[in-house]
>>> print(open('final29.cif').read())   # mmCIF, C-alpha atoms
data_coords
#
loop_
_atom_site.label_atom_id
_atom_site.label_comp_id
_atom_site.auth_asym_id
_atom_site.auth_seq_id
_atom_site.Cartn_x
_atom_site.Cartn_y
_atom_site.Cartn_z
CA MET A 1067 8.77 -4.32 -19.08
CA ALA A 1068 6.21 -7.02 -18.57
CA ARG A 1069 3.01 -7.07 -16.62
CA THR A 1070 2.99 -8.79 -13.29
CA ARG A 1071 0.46 -11.58 -12.93
CA VAL A 1072 -0.23 -12.83 -9.44
CA ARG A 1073 -2.57 -15.72 -8.82
CA ILE A 1074 -3.62 -15.74 -5.20
CA THR A 1075 -4.58 -18.86 -3.32
CA PRO A 1076 -7.36 -18.91 -0.71
CA LEU A 1077 -6.67 -17.08 2.52
CA LEU A 1078 -5.72 -19.66 5.11
CA ALA A 1079 -3.73 -17.60 7.57
CA LEU A 1080 -2.20 -14.16 7.60
CA SER A 1081 1.49 -13.85 8.25
CA PHE A 1082 4.03 -11.13 8.00
CA GLY A 1083 6.66 -12.92 5.96
CA ALA A 1084 8.05 -10.70 3.19
CA ALA A 1085 7.51 -6.89 2.20
CA PHE A 1086 6.09 3.67 3.26
CA LEU A 1087 3.18 6.03 0.72
CA LEU A 1088 2.14 7.16 -2.59
CA THR A 1089 3.61 5.40 -5.57
CA ALA A 1090 5.90 2.42 -6.13
CA THR A 1091 6.56 -0.52 -8.53
CA GLY A 1092 9.14 -0.93 -11.62
CA CYS A 1093 10.76 -2.57 -14.63
CA GLY A 1094 10.07 -6.27 -14.46
CA GLY A 1095 11.00 -9.40 -16.31
CA ASP A 1096 8.68 -12.11 -17.50
CA SER A 1097 5.21 -12.46 -16.10
CA TYR A 1098 4.86 -15.09 -13.41
CA THR A 1099 2.38 -16.76 -11.16
CA SER A 1100 2.64 -16.62 -7.41
CA ASP A 1101 0.80 -18.26 -4.58
CA SER A 1102 0.20 -16.55 -1.25
CA SER A 1103 3.58 -17.68 0.05
CA GLY A 1104 5.30 -15.63 -2.64
CA SER A 1105 6.80 -18.50 -4.63
CA SER A 1106 7.07 -17.86 -8.36
CA GLY A 1107 8.51 -19.10 -11.59
CA SER A 1108 5.84 -20.61 -13.81
CA PRO A 1109 4.37 -18.76 -16.81
CA ALA A 1110 1.35 -16.61 -16.12
CA SER A 1111 -2.11 -18.03 -16.57
CA SER A 1112 -5.27 -16.05 -17.18
CA SER A 1113 -7.48 -18.28 -15.10
CA GLY A 1114 -7.72 -18.72 -11.34
CA ALA A 1115 -9.37 -21.22 -9.03
CA ASP A 1116 -13.07 -20.62 -8.52
CA GLY A 1117 -14.49 -20.36 -5.05
CA ASP A 1118 -12.77 -20.48 -1.67
CA ALA A 1119 -13.12 -22.13 1.72
CA ALA A 1120 -16.33 -20.20 2.31
CA GLY A 1121 -17.77 -21.19 -1.06
CA GLU A 1122 -17.25 -17.72 -2.51
CA ASP A 1123 -16.46 -17.09 -6.17
CA SER A 1124 -13.43 -14.93 -6.91
CA PRO A 1125 -13.44 -12.40 -9.77
CA VAL A 1126 -10.65 -11.60 -12.22
CA VAL A 1127 -9.13 -8.31 -11.05
CA VAL A 1128 -6.68 -6.03 -12.86
CA ALA A 1129 -4.95 -3.55 -10.52
CA THR A 1130 -2.80 -0.68 -11.71
CA THR A 1131 -0.21 -1.18 -8.95
CA SER A 1132 0.65 -3.60 -6.16
CA TRP A 1133 -1.09 -1.27 -3.71
CA GLU A 1134 -4.50 -1.69 -5.34
CA GLY A 1135 -3.64 -5.34 -5.89
CA ALA A 1136 -3.01 -5.85 -2.17
CA PHE A 1137 -6.38 -4.32 -1.34
CA ALA A 1138 -8.00 -6.72 -3.80
CA LYS A 1139 -6.20 -9.71 -2.30
CA ALA A 1140 -7.17 -8.71 1.24
CA ALA A 1141 -10.79 -8.42 0.07
CA GLY A 1142 -10.76 -12.00 -1.23
CA ALA A 1143 -9.71 -11.81 -4.89
CA ARG A 1144 -7.32 -14.59 -5.93
CA ASP A 1145 -6.86 -13.87 -9.63
CA VAL A 1146 -5.13 -10.47 -9.56
CA GLU A 1147 -3.06 -8.98 -12.37
CA VAL A 1148 -0.85 -5.98 -11.55
CA ILE A 1149 0.02 -3.69 -14.44
CA VAL A 1150 2.83 -1.46 -13.13
CA PRO A 1151 5.94 -3.54 -12.32
CA GLU A 1152 6.83 -3.63 -8.63
CA SER A 1153 10.31 -2.15 -9.23
CA VAL A 1154 9.02 1.21 -10.52
CA GLN A 1155 9.69 3.69 -7.73
CA HIS A 1156 7.07 6.23 -8.81
CA ALA A 1157 4.12 4.42 -10.33
CA PRO A 1158 2.46 7.46 -11.99
CA ASP A 1159 5.54 7.73 -14.22
CA TYR A 1160 4.74 4.39 -15.84
CA ASP A 1161 3.62 4.45 -19.47
CA PRO A 1162 1.12 1.62 -20.12
CA LYS A 1163 1.79 -0.58 -23.13
CA PRO A 1164 -0.89 -1.84 -25.55
CA SER A 1165 -0.68 -5.27 -23.88
CA ASP A 1166 -1.43 -3.63 -20.51
CA LEU A 1167 -4.55 -2.03 -21.90
CA ALA A 1168 -5.59 -5.30 -23.54
CA ALA A 1169 -5.47 -7.05 -20.15
CA VAL A 1170 -7.96 -4.54 -18.78
CA ALA A 1171 -10.58 -5.70 -21.26
CA ASP A 1172 -10.46 -9.25 -19.85
CA ALA A 1173 -11.10 -8.25 -16.24
CA ASP A 1174 -14.24 -8.36 -14.15
CA PHE A 1175 -12.93 -5.39 -12.12
CA VAL A 1176 -10.25 -2.79 -12.80
CA LEU A 1177 -8.83 -1.07 -9.72
CA TYR A 1178 -7.10 2.30 -10.04
CA ALA A 1179 -6.34 5.48 -8.10
CA PRO A 1180 -7.39 8.95 -9.29
CA PHE A 1181 -3.86 10.37 -9.00
CA GLU A 1182 -2.56 7.91 -11.61
CA PRO A 1183 -2.31 9.73 -14.96
CA TYR A 1184 -3.03 6.57 -16.96
CA ALA A 1185 -6.38 5.98 -15.24
CA GLU A 1186 -8.23 7.53 -18.19
CA LYS A 1187 -6.49 5.16 -20.62
CA PHE A 1188 -7.65 2.21 -18.53
CA LYS A 1189 -11.20 3.53 -18.48
CA GLU A 1190 -11.22 3.73 -22.27
CA ALA A 1191 -9.68 0.27 -22.66
CA ALA A 1192 -12.17 -1.33 -20.29
CA GLY A 1193 -15.13 -0.12 -22.30
CA GLY A 1194 -18.28 -1.62 -20.83
CA ALA A 1195 -16.92 -5.09 -20.08
CA ALA A 1196 -15.12 -4.46 -16.78
CA GLU A 1197 -16.30 -2.58 -13.72
CA LEU A 1198 -13.97 0.33 -12.93
CA VAL A 1199 -13.31 0.83 -9.23
CA GLU A 1200 -11.56 3.90 -7.83
CA VAL A 1201 -9.63 2.85 -4.73
CA ASN A 1202 -8.87 5.13 -1.79
CA LEU A 1203 -5.17 4.33 -1.39
CA ASP A 1204 -4.39 5.16 2.22
CA ASN A 1205 -2.78 2.81 4.72
CA ASP A 1206 -4.58 4.39 7.66
CA ALA A 1207 -5.96 1.34 9.46
CA ASP A 1208 -9.60 2.49 9.52
CA LYS A 1209 -9.54 3.47 5.85
CA VAL A 1210 -7.96 0.18 4.84
CA LYS A 1211 -10.64 -1.82 6.62
CA ALA A 1212 -13.38 0.29 5.04
CA GLU A 1213 -11.96 -0.27 1.55
CA VAL A 1214 -11.43 -4.00 2.05
CA THR A 1215 -15.02 -4.32 3.28
CA ARG A 1216 -16.31 -2.33 0.29
CA LEU A 1217 -14.31 -4.38 -2.22
CA GLY A 1218 -15.36 -7.64 -0.59
CA GLY A 1219 -18.97 -6.58 -1.07
CA MET A 1220 -18.34 -5.82 -4.74
CA PHE A 1221 -16.45 -9.07 -5.35
CA GLY A 1222 -18.95 -11.24 -3.47
CA THR A 1223 -16.19 -12.30 -1.06
CA GLU A 1224 -17.50 -10.66 2.11
CA ALA A 1225 -16.60 -13.61 4.34
CA THR A 1226 -12.97 -13.64 3.22
CA ALA A 1227 -12.70 -9.86 3.62
CA ALA A 1228 -14.13 -10.08 7.14
CA GLU A 1229 -11.66 -12.84 8.01
CA TRP A 1230 -8.78 -10.70 6.79
CA ILE A 1231 -9.95 -7.71 8.83
CA THR A 1232 -10.12 -9.81 11.99
CA SER A 1233 -6.53 -10.95 11.50
CA PHE A 1234 -5.45 -7.43 10.54
CA ASP A 1235 -6.90 -6.01 13.76
CA ALA A 1236 -5.00 -8.55 15.82
CA GLU A 1237 -1.68 -7.96 14.07
CA TYR A 1238 -2.06 -4.18 13.98
CA GLY A 1239 -2.89 -4.13 17.69
CA LYS A 1240 0.23 -6.14 18.48
CA LEU A 1241 2.47 -3.85 16.41
CA HIS A 1242 0.95 -0.76 18.02
CA LYS A 1243 1.49 -2.17 21.50
CA ASP A 1244 5.10 -3.14 20.73
CA LEU A 1245 5.86 0.34 19.35
CA LYS A 1246 4.39 2.03 22.41
CA SER A 1247 6.64 -0.08 24.60
CA ALA A 1248 9.59 1.21 22.54
CA TRP A 1249 8.83 4.91 23.13
CA PRO A 1250 11.96 6.74 24.32
CA ASP A 1251 11.69 7.32 28.08
CA GLY A 1252 8.12 6.00 27.90
CA LYS A 1253 6.84 9.13 26.14
CA ALA A 1254 5.16 9.34 22.74
CA PRO A 1255 7.63 10.80 20.23
CA THR A 1256 6.76 13.97 18.34
CA ALA A 1257 6.76 13.73 14.55
CA VAL A 1258 6.36 15.71 11.35
CA ALA A 1259 4.83 13.52 8.63
CA GLN A 1260 4.46 13.66 4.89
CA VAL A 1261 0.70 13.57 4.36
CA PHE A 1262 0.79 10.11 2.78
CA ALA A 1263 2.93 8.72 5.60
CA ALA A 1264 0.84 10.00 8.50
CA TRP A 1265 -0.67 6.53 8.97
CA SER A 1266 2.68 5.32 10.30
CA ALA A 1267 2.59 7.95 13.07
CA LYS A 1268 -0.78 6.57 14.11
CA LEU A 1269 0.66 3.05 14.13
CA ALA A 1270 3.48 4.19 16.43
CA GLY A 1271 1.24 6.33 18.64
CA ALA A 1272 3.44 9.33 17.80
CA GLN A 1273 2.23 12.89 18.31
CA VAL A 1274 2.02 14.60 14.90
CA VAL A 1275 3.03 18.25 15.30
CA GLY A 1276 2.95 19.07 11.59
CA THR A 1277 2.55 17.69 8.07
CA TYR A 1278 3.93 18.53 4.64
CA GLY A 1279 3.41 17.64 0.97
CA PRO A 1280 2.52 16.40 -1.47
CA GLU A 1281 3.69 19.73 -2.92
CA ALA A 1282 7.32 20.80 -2.47
CA VAL A 1283 8.10 22.15 0.96
CA THR A 1284 8.56 25.93 0.98
CA ALA A 1285 11.14 27.84 2.99
CA GLN A 1286 8.41 29.12 5.30
CA GLN A 1287 7.10 25.60 5.89
CA LEU A 1288 10.60 24.39 6.68
CA SER A 1289 10.98 27.15 9.24
CA ASP A 1290 7.60 26.46 10.81
CA LEU A 1291 8.11 22.70 10.98
CA SER A 1292 11.63 22.99 12.36
CA GLY A 1293 10.31 25.33 15.04
CA LYS A 1294 8.07 22.55 16.34
CA LYS A 1295 11.24 20.58 17.20
CA PRO A 1296 10.01 17.12 16.13
CA GLN A 1297 11.95 14.03 17.08
CA LEU A 1298 11.01 12.21 13.88
CA VAL A 1299 10.32 13.13 10.25
CA LEU A 1300 8.16 10.44 8.63
CA ASP A 1301 8.90 10.77 4.93
CA ASN A 1302 7.16 9.11 1.99
CA VAL A 1303 9.79 6.98 0.25
CA HIS A 1304 7.93 7.17 -3.06
CA MET A 1305 7.96 10.97 -3.11
CA ALA A 1306 11.23 11.54 -1.29
CA ALA A 1307 12.99 14.88 -1.82
CA GLY A 1308 16.11 14.53 0.26
CA THR A 1309 16.46 15.61 3.87
CA VAL A 1310 13.26 17.43 4.82
CA LEU A 1311 14.37 19.27 7.95
CA PRO A 1312 18.16 19.60 7.73
CA ASP A 1313 19.94 20.79 10.88
CA SER A 1314 16.78 20.31 12.94
CA GLY A 1315 18.09 17.31 14.84
CA ALA A 1316 15.05 15.26 13.81
CA ARG A 1317 15.64 11.69 12.66
CA GLN A 1318 14.17 11.12 9.19
CA VAL A 1319 12.38 7.80 8.63
CA GLY A 1320 11.45 6.46 5.20
CA ILE A 1321 7.97 4.94 5.11
CA VAL A 1322 6.97 2.53 2.31
CA ASN A 1323 3.34 2.33 1.19
CA TYR A 1324 3.43 -0.29 -1.55
CA PRO A 1325 3.55 -4.04 -0.91
CA ASP A 1326 5.98 -6.34 -2.69
CA GLU A 1327 4.93 -8.60 -5.53
CA ASP A 1328 3.30 -11.04 -3.12
CA LEU A 1329 0.62 -8.38 -2.50
CA ASP A 1330 0.72 -8.92 1.26
CA LEU A 1331 -0.52 -5.62 2.68
CA LEU A 1332 0.26 -6.69 6.24
CA THR A 1333 3.99 -6.72 5.54
CA VAL A 1334 3.84 -2.96 4.91
CA TYR A 1335 2.81 -2.45 8.53
CA LYS A 1336 5.33 -4.89 9.89
CA ASN A 1337 8.19 -3.29 7.96
CA ALA A 1338 7.11 0.20 8.99
CA ALA A 1339 6.99 -0.91 12.63
CA THR A 1340 10.51 -2.33 12.42
CA THR A 1341 11.81 0.89 10.85
CA LEU A 1342 10.05 3.08 13.41
CA GLU A 1343 11.29 1.06 16.36
CA LYS A 1344 14.88 1.33 15.15
CA ALA A 1345 14.51 5.09 14.68
CA MET A 1346 13.03 5.62 18.13
CA ASN A 1347 15.77 3.58 19.80
CA ALA A 1348 18.66 5.06 17.81
CA SER A 1349 21.11 6.99 19.96
#
>>> encode(input="final29.cif", output="structure tokens")
Amino acid sequence: MARTRVRITPLLALSFGAAFLLTATGCGGDSYTSDSSGSSGSPASSSGADGDAAGEDSPVVVATTSWEGAFAKAAGARDVEVIVPESVQHAPDYDPKPSDLAAVADADFVLYAPFEPYAEKFKEAAGGAAELVEVNLDNDADKVKAEVTRLGGMFGTEATAAEWITSFDAEYGKLHKDLKSAWPDGKAPTAVAQVFAAWSAKLAGAQVVGTYGPEAVTAQQLSDLSGKKPQLVLDNVHMAAGTVLPDSGARQVGIVNYPDEDLDLLTVYKNAATTLEKAMNAS
């Protein structure tokens, strides 16, 4: 497996071109560089362009997964290296290589999540050279904006982060409105959600009648959740454990939390909206 290197160009416009919760990424090939349109192919480079349209400098960021990397990109970082390959379904299962740990030492910032078992290895590898940043990985819209604002302040890219948030609000509002117009019979659907997929219920305006996870669902929980007669089960693709409420009549929907290798966080919302709309309109 090889590390994924993504060089990000300045934020010119936000689109939903390419891309549900806890852990994703996988075995990759050679490292590559990518601009914000997702094109790739050239060997990775350790340096990125300095400054952006607002005259901001951009730091060198190492992110454990594409999720942290997408937060960094949204906040204004353009030189972002992702350690865990995008194809790994459950990122905490990844075993960092010596070359991964070496990359940490060259970063200005290292972004990680506390649930990742290799976080301690990265802390040791960073020593005192890089600033370690624990990221609150949650795609709830309010939490995302808070984290992007915080990271923008740390990176010195506040203007770019604010620009991203403005575009995010506009796109999120449109998706939310479109999903409400797709409600069956004009009524908000009822849903049971895996705790790390609850953000998608908020996006759809669904009524959450119960949650489960991250621990395995017990027989009593299954009985209680089934008794609430939800129309949808919003499951976390990255911690999926089969059909959650069998024989309940609820339609199970897989929600993806991690962005693709282009680190476009907005595509996660667009893809979730498309999946939710299909589930709500399925006969």
>>> resolve_selection(input="final29.cif", expression="the PyMOL selection byres ((chain A and resi 1314) around 9)", output="ChimeraX atom specification")
/A:1292-1293,1295-1297,1311-1313,1315-1317
>>> write_last_selection(input="final29.cif", atoms="C-alpha atoms", output="PDB file, in the frame of the given file")
ATOM      1  CA  SER A1292      11.630  22.990  12.360  1.00  0.00           C
ATOM      2  CA  GLY A1293      10.310  25.330  15.040  1.00  0.00           C
ATOM      3  CA  LYS A1295      11.240  20.580  17.200  1.00  0.00           C
ATOM      4  CA  PRO A1296      10.010  17.120  16.130  1.00  0.00           C
ATOM      5  CA  GLN A1297      11.950  14.030  17.080  1.00  0.00           C
ATOM      6  CA  LEU A1311      14.370  19.270   7.950  1.00  0.00           C
ATOM      7  CA  PRO A1312      18.160  19.600   7.730  1.00  0.00           C
ATOM      8  CA  ASP A1313      19.940  20.790  10.880  1.00  0.00           C
ATOM      9  CA  GLY A1315      18.090  17.310  14.840  1.00  0.00           C
ATOM     10  CA  ALA A1316      15.050  15.260  13.810  1.00  0.00           C
ATOM     11  CA  ARG A1317      15.640  11.690  12.660  1.00  0.00           C
TER      12      ARG A1317
END
>>> atom_distance(input="final29.cif", atom1="atom CA of Ala1138 of chain A", atom2="atom CA of Phe1262 of chain A")
20.1 Å
>>> atom_distance(input="final29.cif", atom1="atom CA of Glu1197 of chain A", atom2="atom CA of Pro1180 of chain A")
15.2 Å
>>> resolve_selection(input="final29.cif", expression="the PyMOL selection byres ((chain A and resi 1272) around 7)", output="VMD selection string")
chain A and resid 1254 to 1257 1267 to 1268 1270 to 1271 1273 to 1274
>>> resolve_selection(input="final29.cif", expression="the PyMOL selection byres ((chain A and resi 1208-1221) around 10)", output="ChimeraX atom specification")
/A:1122-1127,1136-1143,1174-1175,1177,1197,1199,1201-1207,1222-1228,1230-1232,1234-1235,1265,1331
>>> closest_residue(input="final29.cif", among="A:Asp1166, A:Asp1172, A:Glu1343, A:Glu1134", to="Phe1188 of chain A", atoms="only C-alpha atoms")
A:Asp1166
>>> residues_around(input="final29.cif", residues="segment 1320-1323 of chain A", least_positions_apart="6", cutoff="9 Å", atoms="all atoms listed in the file", output="PyMOL selection string")
chain A and resi 1086-1090+1133+1204-1205+1262-1263+1266+1299-1304+1306+1331+1334-1335+1337-1338+1341-1342
>>> closest_residue(input="final29.cif", among="A:Ala1191, A:Ala1173, A:Ala1168, A:Met1305", to="Glu1147 of chain A", atoms="only C-alpha atoms")
A:Ala1173
>>> atom_distance(input="final29.cif", atom1="atom CA of Tyr1324 of chain A", atom2="atom CA of Gly1276 of chain A")
23.4 Å
>>> residues_around(input="final29.cif", residues="Val1283 of chain A", least_positions_apart="5", cutoff="10 Å", atoms="all atoms listed in the file", output="list in words")
Tyr1278, Leu1288, Ala1307, Val1310 and Leu1311 of chain A
>>> axis_aligned_box(input="final29.cif", around="segment 1160-1170 of chain A", padding_each_side="4 Å", output="AutoDock Vina command-line options")
--center_x -1.6 --center_y -1.3 --center_z -20.7 --size_x 20.7 --size_y 19.5 --size_z 17.7
